[in-house]
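entry_15.txt follows (compact mmCIF, C-alpha atoms):
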```
# COMPACT_ATOMS: atom_id res chain seq x y z
CA MET I 91 3.42 -13.90 -35.02
CA THR I 92 4.67 -10.36 -35.54
CA GLU I 93 2.18 -7.68 -36.50
CA VAL I 94 3.45 -4.66 -38.41
CA ILE I 95 1.47 -1.46 -37.77
CA VAL I 96 2.11 1.72 -39.73
CA VAL I 97 1.21 5.06 -38.17
CA THR I 98 0.56 7.40 -41.06
CA SER I 99 -1.41 10.51 -42.09
CA GLY I 100 -0.25 12.20 -45.25
CA LYS I 101 -0.26 15.62 -43.68
CA GLY I 102 2.55 16.65 -41.37
CA GLY I 103 2.20 17.85 -37.80
CA VAL I 104 -0.97 15.95 -36.95
CA GLY I 105 0.64 13.72 -34.30
CA LYS I 106 2.11 10.66 -36.02
CA THR I 107 5.25 10.52 -33.90
CA THR I 108 3.38 11.32 -30.67
CA THR I 109 0.97 8.51 -31.57
CA SER I 110 3.71 6.04 -32.52
CA ALA I 111 5.50 6.71 -29.23
CA SER I 112 2.37 6.35 -27.11
CA LEU I 113 0.97 3.27 -28.88
CA SER I 114 4.30 1.46 -28.67
CA CYS I 115 4.70 2.32 -24.97
CA GLY I 116 1.12 1.22 -24.31
CA LEU I 117 1.56 -2.11 -26.08
CA ALA I 118 4.90 -2.76 -24.35
CA ARG I 119 3.41 -1.82 -20.98
CA ARG I 120 0.90 -4.60 -21.52
CA GLY I 121 3.72 -7.08 -21.85
CA LYS I 122 4.11 -7.13 -25.64
CA LYS I 123 7.58 -7.06 -27.18
CA VAL I 124 7.58 -3.94 -29.33
CA ALA I 125 9.96 -2.22 -31.73
CA VAL I 126 9.15 1.29 -32.93
CA ILE I 127 10.93 2.44 -36.10
CA ASP I 128 11.38 6.02 -37.33
CA PHE I 129 11.00 6.04 -41.13
CA ASP I 130 11.54 9.79 -41.45
CA ILE I 131 14.99 9.59 -42.99
CA GLY I 132 16.82 12.89 -42.70
CA LEU I 133 14.46 14.26 -40.06
CA ARG I 134 14.96 12.05 -37.04
CA ASN I 135 12.49 12.92 -34.25
CA LEU I 136 11.06 9.80 -32.67
CA ASP I 137 14.19 9.52 -30.48
CA LEU I 138 13.42 12.95 -28.97
CA ILE I 139 9.79 12.07 -28.26
CA MET I 140 10.88 8.77 -26.72
CA GLY I 141 13.60 10.53 -24.72
CA CYS I 142 16.51 8.44 -26.01
CA GLU I 143 18.17 10.96 -28.34
CA ARG I 144 21.51 10.80 -26.54
CA ARG I 145 21.70 7.05 -26.79
CA VAL I 146 21.52 6.82 -30.59
CA VAL I 147 24.73 5.25 -31.87
CA TYR I 148 23.55 3.39 -34.95
CA ASP I 149 20.39 4.01 -36.96
CA PHE I 150 17.99 2.33 -39.41
CA VAL I 151 20.15 3.09 -42.48
CA ASN I 152 23.29 1.77 -40.73
CA VAL I 153 21.50 -1.56 -40.23
CA ILE I 154 20.30 -1.68 -43.84
CA GLN I 155 23.75 -0.86 -45.18
CA GLY I 156 25.38 -3.47 -42.95
CA ASP I 157 27.45 -1.03 -40.84
CA CYS I 158 26.16 -2.71 -37.70
CA THR I 159 23.84 -5.47 -36.57
CA LEU I 160 20.17 -4.84 -35.80
CA LYS I 161 20.87 -5.66 -32.13
CA GLN I 162 23.46 -2.89 -31.95
CA ALA I 163 21.07 -0.34 -33.40
CA LEU I 164 17.99 -1.17 -31.30
CA ILE I 165 17.82 1.18 -28.31
CA LYS I 166 16.30 -0.50 -25.29
CA ASP I 167 13.83 1.75 -23.48
CA LYS I 168 14.83 2.58 -19.88
CA ARG I 169 11.25 2.59 -18.59
CA ILE I 170 9.67 -0.43 -20.20
CA GLU I 171 11.53 -3.70 -20.41
CA THR I 172 10.10 -4.95 -23.71
CA LEU I 173 10.30 -1.75 -25.77
CA TYR I 174 12.95 -0.94 -28.38
CA VAL I 175 13.52 2.10 -30.59
CA LEU I 176 15.19 2.15 -34.00
CA ALA I 177 16.16 5.72 -34.87
CA ALA I 178 16.02 7.27 -38.32
CA SER I 179 19.21 8.25 -40.03
CA GLN I 180 20.20 11.89 -40.37
CA THR I 181 21.54 11.32 -43.88
CA ARG I 182 20.30 13.55 -46.63
CA ASP I 183 20.25 10.64 -49.03
CA LYS I 184 16.56 9.72 -49.15
CA ASP I 185 17.30 6.63 -51.23
CA ALA I 186 19.25 5.12 -48.36
CA LEU I 187 16.18 3.06 -47.50
CA SER I 188 15.44 0.17 -49.81
CA SER I 189 12.49 -2.12 -49.94
CA GLU I 190 14.79 -5.14 -49.62
CA GLY I 191 16.55 -3.59 -46.64
CA VAL I 192 13.31 -2.84 -44.82
CA ARG I 193 12.08 -6.37 -45.48
CA ARG I 194 15.30 -7.81 -44.02
CA VAL I 195 14.95 -5.73 -40.83
CA LEU I 196 11.29 -6.72 -40.41
CA ASP I 197 12.14 -10.39 -40.99
CA GLU I 198 14.85 -10.24 -38.35
CA LEU I 199 12.48 -8.59 -35.84
CA THR I 200 9.98 -11.38 -36.56
CA ALA I 201 12.67 -14.01 -35.98
CA ASP I 202 13.59 -12.29 -32.69
CA GLY I 203 10.07 -12.81 -31.41
CA PHE I 204 8.75 -9.24 -31.50
CA ASP I 205 4.97 -9.07 -31.13
CA TYR I 206 4.56 -5.64 -32.71
CA VAL I 207 6.58 -3.42 -35.01
CA ILE I 208 5.29 0.16 -35.13
CA CYS I 209 6.40 2.05 -38.25
CA ASP I 210 6.35 5.83 -37.72
CA SER I 211 5.78 7.17 -41.23
CA PRO I 212 7.10 10.51 -42.48
CA ALA I 213 4.58 13.03 -43.80
CA GLY I 214 3.90 13.13 -47.53
CA ILE I 215 3.58 10.33 -50.06
CA GLU I 216 7.24 9.96 -51.02
CA LYS I 217 9.49 6.94 -50.67
CA GLY I 218 9.79 6.98 -46.86
CA ALA I 219 6.01 7.01 -46.43
CA HIS I 220 5.67 4.33 -49.10
CA LEU I 221 8.18 2.01 -47.40
CA ALA I 222 6.69 2.63 -43.95
CA MET I 223 3.33 1.32 -45.16
CA TYR I 224 4.43 -1.29 -47.68
CA PHE I 225 4.86 -4.24 -45.30
CA ALA I 226 2.10 -3.24 -42.87
CA ASP I 227 -0.61 -5.58 -41.65
CA ARG I 228 -2.53 -2.72 -40.10
CA ALA I 229 -2.58 1.04 -40.40
CA VAL I 230 -3.41 3.70 -37.86
CA VAL I 231 -4.35 6.80 -39.84
CA VAL I 232 -3.87 9.89 -37.66
CA VAL I 233 -6.29 12.70 -38.50
CA ASN I 234 -7.05 16.16 -37.12
CA PRO I 235 -10.68 17.22 -37.50
CA GLU I 236 -9.69 19.76 -40.12
CA VAL I 237 -10.18 19.82 -43.91
CA SER I 238 -6.61 19.41 -45.19
CA SER I 239 -5.81 16.61 -42.76
CA VAL I 240 -8.97 14.68 -43.67
CA ARG I 241 -8.38 15.05 -47.40
CA ASP I 242 -4.72 13.98 -47.13
CA SER I 243 -5.62 10.95 -45.08
CA ASP I 244 -8.05 9.88 -47.77
CA ARG I 245 -5.15 9.99 -50.23
CA ILE I 246 -3.22 7.77 -47.83
CA LEU I 247 -6.16 5.35 -47.68
CA GLY I 248 -5.99 5.10 -51.46
CA LEU I 249 -2.29 4.20 -51.26
CA LEU I 250 -2.86 1.68 -48.48
CA ALA I 251 -5.43 0.00 -50.71
CA SER I 252 -3.10 -0.23 -53.72
CA LYS I 253 0.58 0.25 -52.92
CA THR I 254 1.13 -2.23 -50.13
CA GLN I 255 2.29 -5.83 -50.11
CA ARG I 256 -1.03 -6.99 -48.72
CA ALA I 257 -2.94 -5.14 -51.43
CA GLU I 258 -0.69 -6.56 -54.15
CA GLN I 259 -1.06 -10.10 -52.84
CA GLY I 260 -4.79 -9.61 -52.60
CA ASN I 261 -5.09 -11.23 -49.19
CA GLY I 262 -7.56 -8.85 -47.62
CA GLY I 263 -5.38 -5.76 -47.75
CA VAL I 264 -4.22 -3.65 -44.83
CA LYS I 265 -6.66 -3.26 -41.94
CA GLU I 266 -7.19 0.47 -41.47
CA HIS I 267 -8.09 2.37 -38.31
CA LEU I 268 -8.83 6.01 -37.71
CA LEU I 269 -7.28 7.91 -34.82
CA LEU I 270 -8.38 11.49 -34.25
CA THR I 271 -6.03 13.84 -32.43
CA ARG I 272 -6.32 17.42 -31.17
CA TYR I 273 -10.04 16.88 -30.69
CA SER I 274 -11.88 19.65 -28.93
CA PRO I 275 -15.31 18.51 -27.65
CA LYS I 276 -16.11 22.10 -26.77
CA ARG I 277 -15.58 23.36 -30.31
CA VAL I 278 -17.48 20.37 -31.70
CA ALA I 279 -20.41 21.28 -29.43
CA THR I 280 -20.50 24.83 -30.81
CA GLY I 281 -20.31 23.60 -34.40
CA GLU I 282 -16.85 25.03 -35.03
CA MET I 283 -15.15 21.66 -35.44
CA MET I 284 -16.13 18.48 -37.28
CA SER I 285 -17.19 15.68 -34.96
CA VAL I 286 -15.86 12.13 -34.72
CA ASN I 287 -18.90 10.96 -36.64
CA ASP I 288 -18.43 13.56 -39.39
CA VAL I 289 -14.85 12.40 -40.03
CA LYS I 290 -15.80 8.76 -39.68
CA GLU I 291 -18.58 9.22 -42.22
CA ILE I 292 -16.37 11.01 -44.76
CA LEU I 293 -13.53 8.49 -44.56
CA GLY I 294 -15.61 5.38 -43.89
CA LEU I 295 -13.27 3.92 -41.28
CA ASP I 296 -13.70 2.54 -37.79
CA VAL I 297 -12.36 4.78 -35.02
CA ILE I 298 -9.65 3.30 -32.82
CA GLY I 299 -9.22 6.37 -30.66
CA VAL I 300 -9.99 10.03 -30.09
CA VAL I 301 -7.28 12.01 -28.33
CA PRO I 302 -8.46 15.33 -26.92
CA GLU I 303 -6.48 18.51 -27.47
CA SER I 304 -4.26 18.71 -24.42
CA SER I 305 -1.39 20.79 -23.13
CA ASP I 306 0.05 17.56 -21.74
CA VAL I 307 1.15 16.54 -25.24
CA LEU I 308 3.60 19.44 -25.49
CA SER I 309 4.82 18.89 -21.93
CA ALA I 310 5.40 15.24 -22.77
CA SER I 311 7.47 16.00 -25.84
CA ASN I 312 9.40 18.67 -23.91
CA ALA I 313 10.32 16.05 -21.34
CA GLY I 314 10.89 13.14 -23.74
CA VAL I 315 8.30 11.02 -21.94
CA PRO I 316 5.54 9.73 -24.25
CA VAL I 317 2.23 11.27 -23.14
CA ILE I 318 0.64 7.87 -22.47
CA LEU I 319 3.00 7.52 -19.48
CA ASN I 320 1.48 10.61 -17.83
CA ASP I 321 -1.32 8.74 -16.08
CA THR I 322 -3.19 11.83 -14.94
CA SER I 323 -3.72 13.12 -18.48
CA ASP I 324 -6.86 12.62 -20.57
CA ALA I 325 -4.61 12.23 -23.61
CA SER I 326 -2.87 9.35 -21.84
CA ARG I 327 -6.19 7.63 -21.07
CA ALA I 328 -7.35 8.13 -24.65
CA TYR I 329 -4.15 6.55 -26.01
CA ASP I 330 -4.41 3.68 -23.55
CA ASP I 331 -7.96 3.03 -24.74
CA ALA I 332 -6.68 2.99 -28.33
CA VAL I 333 -4.04 0.42 -27.33
CA ALA I 334 -6.74 -1.76 -25.75
CA ARG I 335 -8.80 -1.52 -28.94
CA LEU I 336 -5.75 -2.46 -31.04
CA LEU I 337 -5.54 -5.57 -28.88
CA GLY I 338 -9.14 -6.39 -29.66
CA GLU I 339 -10.99 -5.00 -26.64
CA SER I 340 -14.14 -3.09 -27.35
CA LEU I 341 -14.42 0.09 -25.29
CA PRO I 342 -16.74 3.08 -25.63
CA LEU I 343 -15.08 6.31 -26.80
CA ARG I 344 -14.24 8.78 -24.04
CA PHE I 345 -13.46 12.49 -24.08
CA ILE I 346 -15.72 13.22 -27.03
CA ASP I 347 -18.33 15.16 -25.10
CA GLU I 348 -17.86 18.49 -23.44
CA PRO I 349 -17.47 18.03 -19.68
CA LYS I 350 -20.52 19.31 -17.81
CA LYS I 351 -19.66 22.48 -15.98
CA GLY I 352 -20.97 23.47 -12.60
CA PHE I 353 -22.51 26.85 -11.90
CA PHE I 354 -19.27 28.44 -10.66
CA ALA I 355 -17.20 27.07 -13.49
CA ARG I 356 -19.71 28.47 -15.97
CA MET I 357 -19.70 31.87 -14.31
CA PHE I 358 -15.98 32.21 -13.73
CA GLY I 359 -14.20 29.46 -15.66
CA GLY I 360 -12.90 29.90 -19.18
CA MET N 300 -10.17 43.36 -26.60
CA GLY N 301 -13.49 45.09 -26.04
CA LEU N 302 -16.23 43.89 -23.79
CA LEU N 303 -18.26 42.81 -26.80
CA ALA N 304 -15.59 40.34 -27.86
CA LEU N 305 -16.43 38.31 -24.77
CA PHE N 306 -19.78 37.48 -26.30
CA ARG N 307 -18.57 36.92 -29.82
CA ARG N 308 -18.26 33.30 -30.86
CA ASN N 309 -16.62 31.80 -33.88
CA PRO N 310 -19.29 31.02 -36.47
CA PRO N 311 -20.19 27.35 -36.75
CA THR N 312 -18.36 26.22 -39.88
CA ALA N 313 -18.00 22.49 -39.26
CA ASN N 314 -20.94 21.74 -41.56
CA VAL N 315 -19.30 23.67 -44.39
CA ALA N 316 -16.11 21.67 -43.88
CA LYS N 317 -17.97 18.39 -43.90
CA GLU N 318 -19.92 19.23 -47.04
CA ARG N 319 -16.82 20.39 -48.95
CA LEU N 320 -14.92 17.30 -47.90
CA ARG N 321 -17.74 14.97 -48.85
CA ILE N 322 -17.70 16.34 -52.40
CA ILE N 323 -13.95 16.52 -52.93
CA VAL N 324 -13.28 13.11 -51.37
CA ALA N 325 -15.95 11.48 -53.54
CA GLN N 326 -14.50 13.16 -56.63
CA GLU N 327 -10.93 12.12 -55.81
CA ARG N 328 -11.99 8.57 -55.01
CA SER N 329 -13.72 8.17 -58.34
CA ALA N 330 -10.57 9.31 -60.15
CA ARG N 331 -8.45 6.93 -58.10
CA GLY N 332 -7.37 3.66 -59.61
CA GLY N 333 -8.01 4.97 -63.11
CA PRO N 334 -5.14 5.49 -65.49
CA ASP N 335 -3.02 8.63 -64.95
CA TYR N 336 -3.80 9.93 -68.43
CA LEU N 337 -7.48 10.59 -67.76
CA PRO N 338 -7.15 14.23 -66.60
CA LEU N 339 -4.92 15.05 -69.57
CA LEU N 340 -7.24 13.24 -71.96
CA ARG N 341 -10.13 15.22 -70.56
CA ARG N 342 -8.29 18.52 -71.01
CA GLU N 343 -7.20 17.77 -74.57
CA LEU N 344 -10.66 16.60 -75.57
CA LEU N 345 -12.03 19.82 -74.17
CA GLU N 346 -9.57 21.82 -76.31
CA VAL N 347 -10.68 20.02 -79.45
CA ILE N 348 -14.37 20.41 -78.72
CA LYS N 349 -13.87 24.08 -77.96
CA LYS N 350 -12.57 24.61 -81.49
CA TYR N 351 -16.05 23.86 -82.78
CA VAL N 352 -18.48 24.51 -79.96
CA ASN N 353 -18.20 26.84 -77.04
CA VAL N 354 -18.69 24.45 -74.13
CA ASP N 355 -18.30 24.88 -70.43
CA PRO N 356 -15.25 23.02 -69.01
CA GLU N 357 -17.59 21.40 -66.50
CA ALA N 358 -19.69 20.00 -69.34
CA VAL N 359 -17.16 17.39 -70.36
CA VAL N 360 -17.21 14.24 -68.28
CA VAL N 361 -14.78 11.43 -68.89
CA ASN N 362 -15.42 8.19 -67.05
CA LEU N 363 -13.71 4.89 -67.09
CA GLU N 364 -15.82 2.00 -65.94
CA ARG N 365 -14.85 -1.58 -65.41
CA GLU N 366 -17.33 -4.21 -66.34
CA ASP N 367 -16.33 -7.81 -65.88
CA GLY N 368 -13.26 -8.29 -68.02
CA HIS N 369 -13.41 -5.13 -70.13
CA GLU N 370 -13.25 -1.39 -69.60
CA VAL N 371 -15.58 1.22 -71.02
CA LEU N 372 -14.39 4.74 -71.63
CA GLU N 373 -17.43 6.93 -71.43
CA LEU N 374 -17.36 10.46 -72.73
CA SER N 375 -20.22 12.79 -72.06
CA VAL N 376 -20.43 16.33 -73.42
CA ALA N 377 -23.33 18.62 -72.65
CA LEU N 378 -23.66 21.07 -75.52
CA PRO N 379 -25.04 24.51 -74.80
CA GLY N 380 -28.75 24.79 -75.59
CA ALA N 381 -29.25 21.08 -76.07
CA LYS N 382 -28.15 18.02 -74.21
CA ALA N 383 -26.22 15.44 -76.18
CA THR N 384 -24.00 12.48 -75.46
```
Step by step, read the file and then write its structure as structure tokens.
Amino acid sequence: MTEVIVVTSGKGGVGKTTTSASLSCGLARRGKKVAVIDFDIGLRNLDLIMGCERRVVYDFVNVIQGDCTLKQALIKDKRIETLYVLAASQTRDKDALSSEGVRRVLDELTADGFDYVICDSPAGIEKGAHLAMYFADRAVVVVNPEVSSVRDSDRILGLLASKTQRAEQGNGGVKEHLLLTRYSPKRVATGEMMSVNDVKEILGLDVIGVVPESSDVLSASNAGVPVILNDTSDASRAYDDAVARLLGESLPLRFIDEPKKGFFARMFGG
Amino acid sequence: MGLLALFRRNPPTANVAKERLRIIVAQERSARGGPDYLPLLRRELLEVIKKYVNVDPEAVVVNLEREDGHEVLELSVALPGAKAT
């Protein structure tokens, strides 16, 4: 059975692509067969974050328009055996994606025995975002603990509850999860930033992960190696926990409290 | 940066953010799922009422409620000086 997971947020720049890349790597690393699809038509970026930008020959729109087969367009990851990337098209024609076309691609991935399809949604609530969520079984809503991001994600929750296949069929709807990124325990402790519980309370969702603000995220995107693969990073551990929770494990949240500082660190550290 | 800046902290504003979000999210959720014409209907009703009585824009509340099988459009206008529905 293939599970389709949309990674969405409404607001741009909160970490959807970083999250899509890390979740798909994490799932594949645990032996699942995973395809990650960039739905941001016109603004292809997932390939860069995954580090396969020079291997893109065919893209999502090529498959939908029948210029190539799905097999030809799927880029096999060089690090993880069971991971495949489908790049977004660079076309300016936003209508190049069609609901029928997306359904065909998802059906073919299901027939090919994929366990998970991760749909990396574009920002906004336009067609690309709509199609990325339409066929989803689950949604990972990426949120920064900041007012505009929280409000936009609530808009997205409204769309998930009405404009998706599962909502229309009335079979329980899309299962929604909250993933906080750029979380700063230190600023939460001083009351400058909303806490996990604040955001959870406002949106009324269960939390699948909290990724701390980390310089490793930029380094990872610079290098084209999803941050989850940097085992020494807290961000990597936080993403790996989120993957475990997606797979049904129940783990306590980490990295939400300020690390205790020793005397010297308090005196001299930043 | 002066020496004093070392001791200056950003003011704690997370509570303000949470409170503002709680209100706006609740408001937007209640409007959700209703027909798209409700905001326009509200504005036009307000225009009409204003021709006769000087009311506060906040005093007009338009609600659509679903009760098993039928919908009720509820209009509530608080007139200045007296409360009326």
Exercise. Which residues of chain I are close to chain N, meaning at most 10 Å apart when you count all atoms listed in the file, and how do they look as a PyMOL selection string?
Worked result: chain I and resi 235-238+240-242+244-245+247-249+251-252+277-285+288-289+291-293
For this session: Compile the contact shell of I:Ile346 as a ChimeraX atom specification: residues with an atom at most 9 Å away, counting all atoms listed in the file, same-chain residues fewer than 2 positions apart removed.
Result: /I:273-276,278,285-286,300-302,343-344,348-349
For this session: Find the residues near N:Pro379: any atom within 9 Å, counting all atoms listed in the file, skip ones fewer than 6 places away on the same chain, and give them as a PyMOL selection string.
Result: chain N and resi 352-355+358
Exercise. Within 7 Å of stretch 263-267 of chain I, counting all atoms listed in the file, which residues qualify if same-chain residues fewer than 5 places away don't, as a VMD selection string?
Worked result: chain I and resid 226 to 231 250 to 251 256 to 257 295 to 298
For this session: Tell me which protein, DNA and RNA residues are within 10 Å of I:Ala186, counting only C-alpha atoms, leaving out same-chain ones fewer than 5 positions away, and put them as a list in words.
Result: Ile131, Gly132, Phe150, Val151, Asn152, Ile154, Gln155, Ser179, Thr181, Gly191 and Gly218 of chain I
Exercise. Which residues come within 9 Å of stretch 104-109 of chain I, counting only C-alpha atoms, excluding same-chain residues fewer than 3 positions away, as a list in words?
Worked result: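 Within the cut-off, the hits are Val97, Thr98, Ser99, Lys101, Ser112, Leu113, Ser114, Asp128, Asn135, Leu136, Ile139, Met140, Asp210, Ser211, Pro212, Ala213, Val231, Val232, Val233, Asn234, Ser239, Leu269, Thr271, Arg272, Val307, Ser311, Pro316, Val317 and Tyr329 of chain I.
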For this session: Go ahead and compute the interatomic distance for atom CA of I:Val94 and atom CA of I:Ile208, in Å to one decimal.
Result: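 Separation between atom CA of I:Val94 and atom CA of I:Ile208: 6.1 Å.
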Problem set entry | Distance criterion (only C-alpha atoms): nearest to I:Val207 out of I:Ile165, I:Met223, I:Ile95, I:Cys142 |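 Residue with the minimum atom-to-atom distance to I:Val207: I:Ile95.
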Exercise. Do you know which residues lie at most 12 Å from (-11.3, 11.4, -63.2), with coordinates as in the file and all atoms listed in the file counted, and could you write them as a list in words?
Worked result: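 Selection result: Ile323, Ala325, Gln326, Glu327, Arg328, Ser329, Ala330, Arg331, Gly332, Gly333, Pro334, Asp335, Tyr336, Leu337, Pro338, Leu339, Leu340, Arg341, Arg342, Val359, Val360, Val361, Asn362, Leu363, Glu364, Leu372, Glu373 and Leu374 of chain N.
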Exercise. Of the residues I:Lys217, I:Leu319, I:Val192, I:Leu268, which is the one nearest to I:Lys290, using all atoms listed in the file?
Worked result: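 Checking each candidate against I:Lys290, we get I:Leu268 as the closest.
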Exercise. Quick one: distance from atom CA of N:Lys350 to atom CA of N:Ser375 in Å, one decimal?
Worked result: 16.9 Å
Seminar exercise, completed: The distance between atom CA of I:Asn320 and atom CA of I:Ser340 is 22.9 Å
